[in-house]
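Colleague: Once you've had a glance at the structure underneath, I'll fire off some questions.
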Amino acid sequence: MSDQQPLGNFTSKDAPDYEDVLQCMRCGFCLPTCPTFALTGRERSSPRGRVALARAVAEGKLDFNQAMKDEAFFCLDCRACTTACPSGVKAGEVMEVCRAQVHQQLKAPKWQGTLRNLVLKKMVPNPGLMETSMLPARLYQKLGIQWLVRNSKILKLGPVWIDKAEGMLPELHAPLRPQLPDLSPAKGEKRGTVAFFLGCVMTLLYPEVSRQTVKVLNHQGFDVITPKEQKCCGAPHLTEGDRETTREIAAFNLDLFLDLEVDAIVTDCAGCGAALKEYEEILAEREDHDRLHLFRQKIKDISEFLCEQGIRTEGLKPVDKSVTYHEPCHLCHAQGISKQPRALIQAIPGVDFREMKEASWCCGSAATFSLKFTDESQKILDRKLENVRKTGAEVLVTGNPGCHLQLAWGLQQAQMPQPVLHITELLGLATPD
Ligand code: SF4
Ligand code: SF4
């Protein structure tokens, strides 16, 4: 899906493959799985409709127009349709590629391009800069300005998305990346060595989650190497249609991690894991296919890795809580990892696991979707919260920072008592220090 011959009204750079849109046989199996179709009932906002739009552009019957832009960004890229489709059509991924076409084909104000380049090309790939950029937000919380802003309700006067973004901000702490040692040694009998892909959202917003991930891996018998030079996985760039920067980042991370002698490259962020597993496709034009494949084989979500290795339960402390689990789309649909998190939760002594209805239905976060489409995101979230409520569980577990932010905010707004924990935080409660 990168440089190729121009296809219909797509440009040659970063266009969908024709085969990807041809495969749709219009059976409709995907329709009940698509949150945006459920919300709107509009064919064009369904996987089948989106693929039909892309096919019409590919066949020169439709210009790449505003409708294409709208559907490319209104798609949550949740990939539920991919799981449901008998023909292997990947409507979410086709829409993701179409976002790159938006920036090539449709005009936008100059300031938007400048801001986009500053954030995606300069800031996000630079972990030090990202860490520095969070300092004002930490001061905003520490100096009590946040308390004043929230109590004055001044943000209610502005756009809804600003109020929501501020409300979603978790309590901020110092970023984890500079604090983690290069090598965190295994405890007890050593079972192997892994590299840790930390991810920028985790180090900045949820440092305690990733601290628990390292603690759990060490307790499970693994040395953990954390290369400090690692960059963002490139998922934000895919989301915003900047596939060029994703390729640059992917090439850097691939070389950095493959130079390490490790059994696996582990991540605790579902979005990062999905992006890292796509490097093989994103860098498909490189000649070193063996290295690309080796990298793909080594990438493991933490739940996938621990289940493959077999979790050591001796020494785990009981966690006497009822727990339910929300499946991140980029874990269950993009990576096919569903059983493993449940198996881990149920391996913890004392846990009363309660299955949630529609556990794999999106929570409405979907990167920036929750801020761009606040009403639609709220409706999707309400459906999720109702399913959480029905379980009666005391704790909600998930495995992706975007879901974590959205769910924690939603539960607070709905005055529901459940804390949201990452799966390694739950395991961390059971793991002795
Ligand atoms: S995308 Fe797949 S499931 Fe949906 S209509 Fe096309 S072939 Fe059927
Ligand atoms: S990725 Fe999700 S939102 Fe997009 S078409 Fe598929 S099911 Fe619908």
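Identifiers in the structure tokens: chain A, B, ... in order shown; residue index from 1 per chain; ligand index from 1 in order shown.
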Within 10 Å of ligand 2, which residues show up when you count only C-alpha atoms and all ligand atoms? List them as a PyMOL selection string, please.

Modeller: chain A and resi 30-38+44-51+71-85+89-96+329+333-334+361-362+364+366

Colleague: Name all residues at most 12 Å from Lys187 in chain A (count only C-alpha atoms; drop same-chain ones fewer than 4 positions away) and give them as a PyMOL selection string.

Modeller: chain A and resi 191-193+214-224+312+315+431-433

Colleague: For Gln340 in chain A, find every residue with an atom within 8 Å (counting only C-alpha atoms), except residues of its own chain fewer than 6 positions away, and show them as a PDB file with N, CA and C atoms, in the first residue's frame.

Modeller:
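out_24.pdb, written as the output of this step:
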ATOM      1  N   SER A 303       0.284  -9.894  27.332  1.00  0.00           N
ATOM      2  CA  SER A 303      -0.587 -11.028  27.673  1.00  0.00           C
ATOM      3  C   SER A 303      -0.288 -12.225  26.768  1.00  0.00           C
ATOM      4  N   GLU A 304       0.001 -11.938  25.512  1.00  0.00           N
ATOM      5  CA  GLU A 304       0.362 -12.994  24.563  1.00  0.00           C
ATOM      6  C   GLU A 304       1.657 -13.673  25.015  1.00  0.00           C
ATOM      7  N   CYS A 307       1.263 -15.761  28.325  1.00  0.00           N
ATOM      8  CA  CYS A 307       0.511 -17.003  28.092  1.00  0.00           C
ATOM      9  C   CYS A 307       1.355 -18.019  27.326  1.00  0.00           C
TER      10      CYS A 307
END

Colleague: Quick one: DSSP strand (DSSP E) residues in range 190-347 of chain A, as a PDB file with all heavy atoms, in the first residue's frame?

Modeller:
ATOM      1  N   GLY A 192      14.529 -16.163  30.516  1.00  0.00           N
ATOM      2  CA  GLY A 192      14.857 -15.557  29.234  1.00  0.00           C
ATOM      3  C   GLY A 192      15.078 -14.059  29.351  1.00  0.00           C
ATOM      4  O   GLY A 192      15.079 -13.500  30.452  1.00  0.00           O
ATOM      5  N   THR A 193      15.286 -13.432  28.199  1.00  0.00           N
ATOM      6  CA  THR A 193      15.529 -11.988  28.140  1.00  0.00           C
ATOM      7  C   THR A 193      14.588 -11.373  27.109  1.00  0.00           C
ATOM      8  O   THR A 193      14.457 -11.901  25.995  1.00  0.00           O
ATOM      9  CB  THR A 193      16.991 -11.702  27.715  1.00  0.00           C
ATOM     10  OG1 THR A 193      17.860 -12.358  28.630  1.00  0.00           O
ATOM     11  CG2 THR A 193      17.291 -10.212  27.698  1.00  0.00           C
ATOM     12  N   VAL A 194      13.950 -10.280  27.489  1.00  0.00           N
ATOM     13  CA  VAL A 194      13.076  -9.593  26.530  1.00  0.00           C
ATOM     14  C   VAL A 194      13.490  -8.134  26.419  1.00  0.00           C
ATOM     15  O   VAL A 194      14.092  -7.569  27.343  1.00  0.00           O
ATOM     16  CB  VAL A 194      11.583  -9.665  26.944  1.00  0.00           C
ATOM     17  CG1 VAL A 194      11.112 -11.103  27.054  1.00  0.00           C
ATOM     18  CG2 VAL A 194      11.318  -8.897  28.235  1.00  0.00           C
ATOM     19  N   ALA A 195      13.174  -7.539  25.275  1.00  0.00           N
ATOM     20  CA  ALA A 195      13.287  -6.084  25.133  1.00  0.00           C
ATOM     21  C   ALA A 195      11.908  -5.506  25.392  1.00  0.00           C
ATOM     22  O   ALA A 195      10.896  -6.131  25.053  1.00  0.00           O
ATOM     23  CB  ALA A 195      13.750  -5.727  23.729  1.00  0.00           C
ATOM     24  N   PHE A 196      11.877  -4.327  25.987  1.00  0.00           N
ATOM     25  CA  PHE A 196      10.598  -3.698  26.308  1.00  0.00           C
ATOM     26  C   PHE A 196      10.365  -2.528  25.372  1.00  0.00           C
ATOM     27  O   PHE A 196      11.156  -1.579  25.351  1.00  0.00           O
ATOM     28  CB  PHE A 196      10.603  -3.245  27.769  1.00  0.00           C
ATOM     29  CG  PHE A 196       9.294  -2.661  28.242  1.00  0.00           C
ATOM     30  CD1 PHE A 196       8.072  -3.150  27.787  1.00  0.00           C
ATOM     31  CD2 PHE A 196       9.278  -1.634  29.167  1.00  0.00           C
ATOM     32  CE1 PHE A 196       6.862  -2.623  28.222  1.00  0.00           C
ATOM     33  CE2 PHE A 196       8.085  -1.092  29.622  1.00  0.00           C
ATOM     34  CZ  PHE A 196       6.870  -1.576  29.143  1.00  0.00           C
ATOM     35  N   PHE A 197       9.283  -2.602  24.589  1.00  0.00           N
ATOM     36  CA  PHE A 197       8.874  -1.448  23.789  1.00  0.00           C
ATOM     37  C   PHE A 197       7.896  -0.643  24.628  1.00  0.00           C
ATOM     38  O   PHE A 197       6.762  -1.069  24.866  1.00  0.00           O
ATOM     39  CB  PHE A 197       8.234  -1.873  22.459  1.00  0.00           C
ATOM     40  CG  PHE A 197       7.992  -0.685  21.578  1.00  0.00           C
ATOM     41  CD1 PHE A 197       8.971  -0.248  20.698  1.00  0.00           C
ATOM     42  CD2 PHE A 197       6.832   0.055  21.678  1.00  0.00           C
ATOM     43  CE1 PHE A 197       8.783   0.894  19.924  1.00  0.00           C
ATOM     44  CE2 PHE A 197       6.629   1.199  20.917  1.00  0.00           C
ATOM     45  CZ  PHE A 197       7.610   1.611  20.039  1.00  0.00           C
ATOM     46  N   PHE A 222      12.170 -12.982  33.748  1.00  0.00           N
ATOM     47  CA  PHE A 222      12.759 -12.425  32.524  1.00  0.00           C
ATOM     48  C   PHE A 222      13.583 -11.167  32.808  1.00  0.00           C
ATOM     49  O   PHE A 222      13.097 -10.258  33.505  1.00  0.00           O
ATOM     50  CB  PHE A 222      11.648 -12.103  31.504  1.00  0.00           C
ATOM     51  CG  PHE A 222      10.915 -13.329  31.069  1.00  0.00           C
ATOM     52  CD1 PHE A 222       9.727 -13.691  31.694  1.00  0.00           C
ATOM     53  CD2 PHE A 222      11.438 -14.149  30.078  1.00  0.00           C
ATOM     54  CE1 PHE A 222       9.061 -14.855  31.323  1.00  0.00           C
ATOM     55  CE2 PHE A 222      10.773 -15.314  29.703  1.00  0.00           C
ATOM     56  CZ  PHE A 222       9.585 -15.662  30.333  1.00  0.00           C
ATOM     57  N   ASP A 223      14.802 -11.166  32.273  1.00  0.00           N
ATOM     58  CA  ASP A 223      15.555  -9.912  32.212  1.00  0.00           C
ATOM     59  C   ASP A 223      14.828  -8.991  31.240  1.00  0.00           C
ATOM     60  O   ASP A 223      14.368  -9.448  30.180  1.00  0.00           O
ATOM     61  CB  ASP A 223      16.962 -10.159  31.640  1.00  0.00           C
ATOM     62  CG  ASP A 223      17.935 -10.717  32.678  1.00  0.00           C
ATOM     63  OD1 ASP A 223      17.601 -10.716  33.874  1.00  0.00           O
ATOM     64  OD2 ASP A 223      19.023 -11.158  32.266  1.00  0.00           O
ATOM     65  N   VAL A 224      14.756  -7.709  31.595  1.00  0.00           N
ATOM     66  CA  VAL A 224      14.072  -6.756  30.699  1.00  0.00           C
ATOM     67  C   VAL A 224      15.063  -5.671  30.276  1.00  0.00           C
ATOM     68  O   VAL A 224      15.588  -4.936  31.119  1.00  0.00           O
ATOM     69  CB  VAL A 224      12.851  -6.111  31.385  1.00  0.00           C
ATOM     70  CG1 VAL A 224      12.188  -5.089  30.457  1.00  0.00           C
ATOM     71  CG2 VAL A 224      11.835  -7.167  31.798  1.00  0.00           C
ATOM     72  N   ILE A 225      15.308  -5.592  28.981  1.00  0.00           N
ATOM     73  CA  ILE A 225      16.175  -4.546  28.425  1.00  0.00           C
ATOM     74  C   ILE A 225      15.266  -3.453  27.839  1.00  0.00           C
ATOM     75  O   ILE A 225      14.361  -3.749  27.053  1.00  0.00           O
ATOM     76  CB  ILE A 225      17.071  -5.116  27.308  1.00  0.00           C
ATOM     77  CG1 ILE A 225      18.046  -6.138  27.908  1.00  0.00           C
ATOM     78  CG2 ILE A 225      17.828  -4.020  26.587  1.00  0.00           C
ATOM     79  CD1 ILE A 225      18.858  -6.889  26.876  1.00  0.00           C
ATOM     80  N   ALA A 264      12.247 -11.968  22.818  1.00  0.00           N
ATOM     81  CA  ALA A 264      11.010 -11.330  22.344  1.00  0.00           C
ATOM     82  C   ALA A 264      11.097  -9.835  22.583  1.00  0.00           C
ATOM     83  O   ALA A 264      11.912  -9.367  23.394  1.00  0.00           O
ATOM     84  CB  ALA A 264       9.800 -11.901  23.089  1.00  0.00           C
ATOM     85  N   ILE A 265      10.268  -9.098  21.845  1.00  0.00           N
ATOM     86  CA  ILE A 265      10.114  -7.649  22.071  1.00  0.00           C
ATOM     87  C   ILE A 265       8.689  -7.476  22.597  1.00  0.00           C
ATOM     88  O   ILE A 265       7.726  -7.735  21.872  1.00  0.00           O
ATOM     89  CB  ILE A 265      10.322  -6.864  20.764  1.00  0.00           C
ATOM     90  CG1 ILE A 265      11.702  -7.167  20.165  1.00  0.00           C
ATOM     91  CG2 ILE A 265      10.150  -5.364  21.008  1.00  0.00           C
ATOM     92  CD1 ILE A 265      11.848  -6.789  18.696  1.00  0.00           C
ATOM     93  N   VAL A 266       8.584  -7.087  23.859  1.00  0.00           N
ATOM     94  CA  VAL A 266       7.281  -7.085  24.534  1.00  0.00           C
ATOM     95  C   VAL A 266       6.763  -5.653  24.662  1.00  0.00           C
ATOM     96  O   VAL A 266       7.531  -4.732  24.945  1.00  0.00           O
ATOM     97  CB  VAL A 266       7.409  -7.729  25.936  1.00  0.00           C
ATOM     98  CG1 VAL A 266       6.084  -7.653  26.689  1.00  0.00           C
ATOM     99  CG2 VAL A 266       7.856  -9.182  25.805  1.00  0.00           C
ATOM    100  N   THR A 267       5.464  -5.499  24.459  1.00  0.00           N
ATOM    101  CA  THR A 267       4.830  -4.196  24.693  1.00  0.00           C
ATOM    102  C   THR A 267       3.579  -4.390  25.555  1.00  0.00           C
ATOM    103  O   THR A 267       2.964  -5.463  25.517  1.00  0.00           O
ATOM    104  CB  THR A 267       4.463  -3.490  23.369  1.00  0.00           C
ATOM    105  OG1 THR A 267       3.829  -2.245  23.666  1.00  0.00           O
ATOM    106  CG2 THR A 267       3.541  -4.309  22.503  1.00  0.00           C
ATOM    107  N   ILE A 299       7.649  -9.574  18.089  1.00  0.00           N
ATOM    108  CA  ILE A 299       6.747  -8.640  18.784  1.00  0.00           C
ATOM    109  C   ILE A 299       5.646  -9.404  19.506  1.00  0.00           C
ATOM    110  O   ILE A 299       4.937 -10.217  18.913  1.00  0.00           O
ATOM    111  CB  ILE A 299       6.086  -7.655  17.777  1.00  0.00           C
ATOM    112  CG1 ILE A 299       7.132  -6.802  17.088  1.00  0.00           C
ATOM    113  CG2 ILE A 299       5.053  -6.766  18.481  1.00  0.00           C
ATOM    114  CD1 ILE A 299       7.897  -5.863  17.973  1.00  0.00           C
ATOM    115  N   LYS A 300       5.518  -9.132  20.797  1.00  0.00           N
ATOM    116  CA  LYS A 300       4.496  -9.814  21.605  1.00  0.00           C
ATOM    117  C   LYS A 300       3.804  -8.801  22.516  1.00  0.00           C
ATOM    118  O   LYS A 300       4.481  -8.019  23.200  1.00  0.00           O
ATOM    119  CB  LYS A 300       5.128 -10.887  22.509  1.00  0.00           C
ATOM    120  CG  LYS A 300       5.932 -11.946  21.779  1.00  0.00           C
ATOM    121  CD  LYS A 300       5.040 -12.971  21.122  1.00  0.00           C
ATOM    122  CE  LYS A 300       5.870 -13.957  20.296  1.00  0.00           C
ATOM    123  NZ  LYS A 300       5.039 -14.783  19.424  1.00  0.00           N
ATOM    124  N   ASP A 301       2.482  -8.876  22.528  1.00  0.00           N
ATOM    125  CA  ASP A 301       1.776  -8.175  23.593  1.00  0.00           C
ATOM    126  C   ASP A 301       2.108  -8.894  24.907  1.00  0.00           C
ATOM    127  O   ASP A 301       2.330 -10.102  24.923  1.00  0.00           O
ATOM    128  CB  ASP A 301       0.270  -8.205  23.335  1.00  0.00           C
ATOM    129  CG  ASP A 301      -0.491  -7.523  24.458  1.00  0.00           C
ATOM    130  OD1 ASP A 301      -0.469  -6.282  24.496  1.00  0.00           O
ATOM    131  OD2 ASP A 301      -1.056  -8.223  25.320  1.00  0.00           O
ATOM    132  N   SER A 322     -13.857  -8.660  42.180  1.00  0.00           N
ATOM    133  CA  SER A 322     -14.557  -9.084  40.962  1.00  0.00           C
ATOM    134  C   SER A 322     -14.077  -8.176  39.825  1.00  0.00           C
ATOM    135  O   SER A 322     -13.967  -6.961  39.994  1.00  0.00           O
ATOM    136  CB  SER A 322     -16.072  -9.002  41.145  1.00  0.00           C
ATOM    137  OG  SER A 322     -16.438  -7.731  41.613  1.00  0.00           O
ATOM    138  N   VAL A 323     -13.765  -8.809  38.706  1.00  0.00           N
ATOM    139  CA  VAL A 323     -13.085  -8.096  37.617  1.00  0.00           C
ATOM    140  C   VAL A 323     -13.781  -8.383  36.295  1.00  0.00           C
ATOM    141  O   VAL A 323     -14.130  -9.532  36.007  1.00  0.00           O
ATOM    142  CB  VAL A 323     -11.608  -8.583  37.519  1.00  0.00           C
ATOM    143  CG1 VAL A 323     -10.916  -7.974  36.304  1.00  0.00           C
ATOM    144  CG2 VAL A 323     -10.841  -8.244  38.789  1.00  0.00           C
ATOM    145  N   THR A 324     -13.973  -7.341  35.492  1.00  0.00           N
ATOM    146  CA  THR A 324     -14.429  -7.554  34.122  1.00  0.00           C
ATOM    147  C   THR A 324     -13.389  -6.990  33.158  1.00  0.00           C
ATOM    148  O   THR A 324     -12.484  -6.261  33.572  1.00  0.00           O
ATOM    149  CB  THR A 324     -15.835  -6.954  33.889  1.00  0.00           C
ATOM    150  OG1 THR A 324     -16.319  -7.414  32.627  1.00  0.00           O
ATOM    151  CG2 THR A 324     -15.817  -5.424  33.905  1.00  0.00           C
ATOM    152  N   TYR A 325     -13.506  -7.352  31.902  1.00  0.00           N
ATOM    153  CA  TYR A 325     -12.445  -7.033  30.943  1.00  0.00           C
ATOM    154  C   TYR A 325     -13.010  -6.427  29.666  1.00  0.00           C
ATOM    155  O   TYR A 325     -13.892  -7.002  29.033  1.00  0.00           O
ATOM    156  CB  TYR A 325     -11.672  -8.323  30.608  1.00  0.00           C
ATOM    157  CG  TYR A 325     -10.639  -8.156  29.515  1.00  0.00           C
ATOM    158  CD1 TYR A 325      -9.578  -7.268  29.652  1.00  0.00           C
ATOM    159  CD2 TYR A 325     -10.733  -8.893  28.341  1.00  0.00           C
ATOM    160  CE1 TYR A 325      -8.641  -7.108  28.643  1.00  0.00           C
ATOM    161  CE2 TYR A 325      -9.793  -8.739  27.321  1.00  0.00           C
ATOM    162  CZ  TYR A 325      -8.756  -7.840  27.486  1.00  0.00           C
ATOM    163  OH  TYR A 325      -7.825  -7.682  26.480  1.00  0.00           O
TER     164      TYR A 325
END

Colleague: Quick check, in Å to one decimal: how far apart do CA of Val397 in chain A and CA of His422 in chain A lie?

Modeller: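 That distance, rounded to one decimal, is 5.5 Å.
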
Colleague: Range 204-402 of chain A: which residues are alpha helix (DSSP H) by DSSP, as a PyMOL selection string?

Modeller: chain A and resi 204-205+207-219+235-239+243-258+270-277+279-282+289-298+302-309+329-335+339-347+369-372+374-391+401-402

Colleague: For Cys272 in chain A, find every residue with an atom within 7 Å (counting only C-alpha atoms), except residues of its own chain fewer than 2 positions away, and show them as a tab-separated table (two decimals) with N, CA and C atoms, in the first residue's frame.

Modeller:
chain	number	residue	atom	x	y	z
A	199	GLY	N	6.62	2.67	24.37
A	199	GLY	CA	5.52	3.46	23.78
A	199	GLY	C	5.41	4.83	24.42
A	233	CYS	N	5.90	4.22	18.19
A	233	CYS	CA	5.71	3.10	17.26
A	233	CYS	C	5.29	3.56	15.86
A	235	ALA	N	2.10	4.65	15.28
A	235	ALA	CA	0.62	4.54	15.16
A	235	ALA	C	-0.06	5.90	15.01
A	269	CYS	N	1.17	-1.99	25.33
A	269	CYS	CA	0.23	-1.07	24.68
A	269	CYS	C	-0.32	-1.76	23.42
A	270	ALA	N	-1.64	-2.02	23.41
A	270	ALA	CA	-2.24	-2.74	22.28
A	270	ALA	C	-2.04	-1.99	20.96
A	274	ALA	N	-0.02	-3.52	17.72
A	274	ALA	CA	-0.63	-3.66	16.40
A	274	ALA	C	0.22	-2.96	15.34
A	275	ALA	N	0.71	-1.74	15.66
A	275	ALA	CA	1.53	-1.00	14.69
A	275	ALA	C	2.86	-1.73	14.45
A	276	LEU	N	3.49	-2.20	15.52
A	276	LEU	CA	4.79	-2.88	15.37
A	276	LEU	C	4.64	-4.14	14.52

Colleague: Compile the contact shell of Pro175 in chain A as a list of chain:residue names: residues with an atom at most 7 Å away, counting only C-alpha atoms, same-chain residues fewer than 2 positions apart removed.

Modeller: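 Once the nearby chain positions are removed, what remains is A:Glu131, A:His173, A:Arg177, A:Pro178, A:Thr203, A:Leu204, A:Pro207.
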
Colleague: Could you save those same residues with C-alpha atoms as a short mmCIF file (atom, residue, chain, number, x, y, z; two decimals), in the first residue's frame?

Modeller:
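Saved to out17.cif:
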data_model
loop_
_atom_site.label_atom_id
_atom_site.label_comp_id
_atom_site.auth_asym_id
_atom_site.auth_seq_id
_atom_site.Cartn_x
_atom_site.Cartn_y
_atom_site.Cartn_z
CA GLU A 131 8.80 14.54 27.74
CA HIS A 173 3.99 11.86 37.00
CA ARG A 177 11.61 6.23 30.05
CA PRO A 178 14.51 8.05 31.76
CA THR A 203 5.73 6.55 29.46
CA LEU A 204 4.03 9.97 29.55
CA PRO A 207 4.26 5.36 33.81
#

Colleague: Would you mind listing what lies within 10 Å of Ala251 in chain A as a list in words, with only C-alpha atoms counted and same-chain residues fewer than 6 positions away left out?

Modeller: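 After dropping sequence-adjacent residues, the list is Thr245, Tyr279, Ile282, Leu283, Arg286 and Leu292 of chain A.
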
Colleague: Keeping N, CA, C and O atoms, export the residues of the selection given above as a compact mmCIF listing (two decimals), in the first residue's frame.

Modeller:
# COMPACT_ATOMS: atom_id res chain seq x y z
N THR A 245 6.30 9.27 7.66
CA THR A 245 7.01 9.32 8.94
C THR A 245 6.94 7.96 9.64
O THR A 245 7.91 7.54 10.29
N TYR A 279 4.83 -3.49 10.80
CA TYR A 279 6.05 -2.98 10.16
C TYR A 279 6.41 -3.80 8.91
O TYR A 279 6.92 -3.28 7.93
N ILE A 282 4.37 -2.34 6.31
CA ILE A 282 4.68 -0.92 6.08
C ILE A 282 6.04 -0.77 5.38
O ILE A 282 6.23 0.12 4.55
N LEU A 283 6.98 -1.66 5.71
CA LEU A 283 8.33 -1.59 5.11
C LEU A 283 8.52 -2.64 4.02
O LEU A 283 9.64 -3.03 3.72
N ARG A 286 11.33 -2.77 1.41
CA ARG A 286 12.73 -3.06 1.71
C ARG A 286 13.07 -4.46 1.22
O ARG A 286 12.19 -5.30 1.03
N LEU A 292 12.58 -8.31 8.47
CA LEU A 292 11.22 -7.82 8.74
C LEU A 292 10.37 -8.92 9.38
O LEU A 292 9.64 -8.69 10.34

Colleague: What is the distance between CA of Gly88 in chain A and CA of Pro328 in chain A, in Å to one decimal?

Modeller: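 Answer for the CA of Gly88 in chain A to CA of Pro328 in chain A separation: 20.3 Å.
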
Colleague: May I have the residues within 7 Å of range 163-171 of chain A as a PyMOL selection string, using only C-alpha atoms and disregarding those fewer than 5 positions away in the same chain?

Modeller: chain A and resi 155-156+205+405-406+409

Colleague: Report, in Å to a single decimal, how far apart CA of Asp375 in chain A and CA of Val160 in chain A are.

Modeller: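 Here the two named atoms are 9.4 Å from each other.
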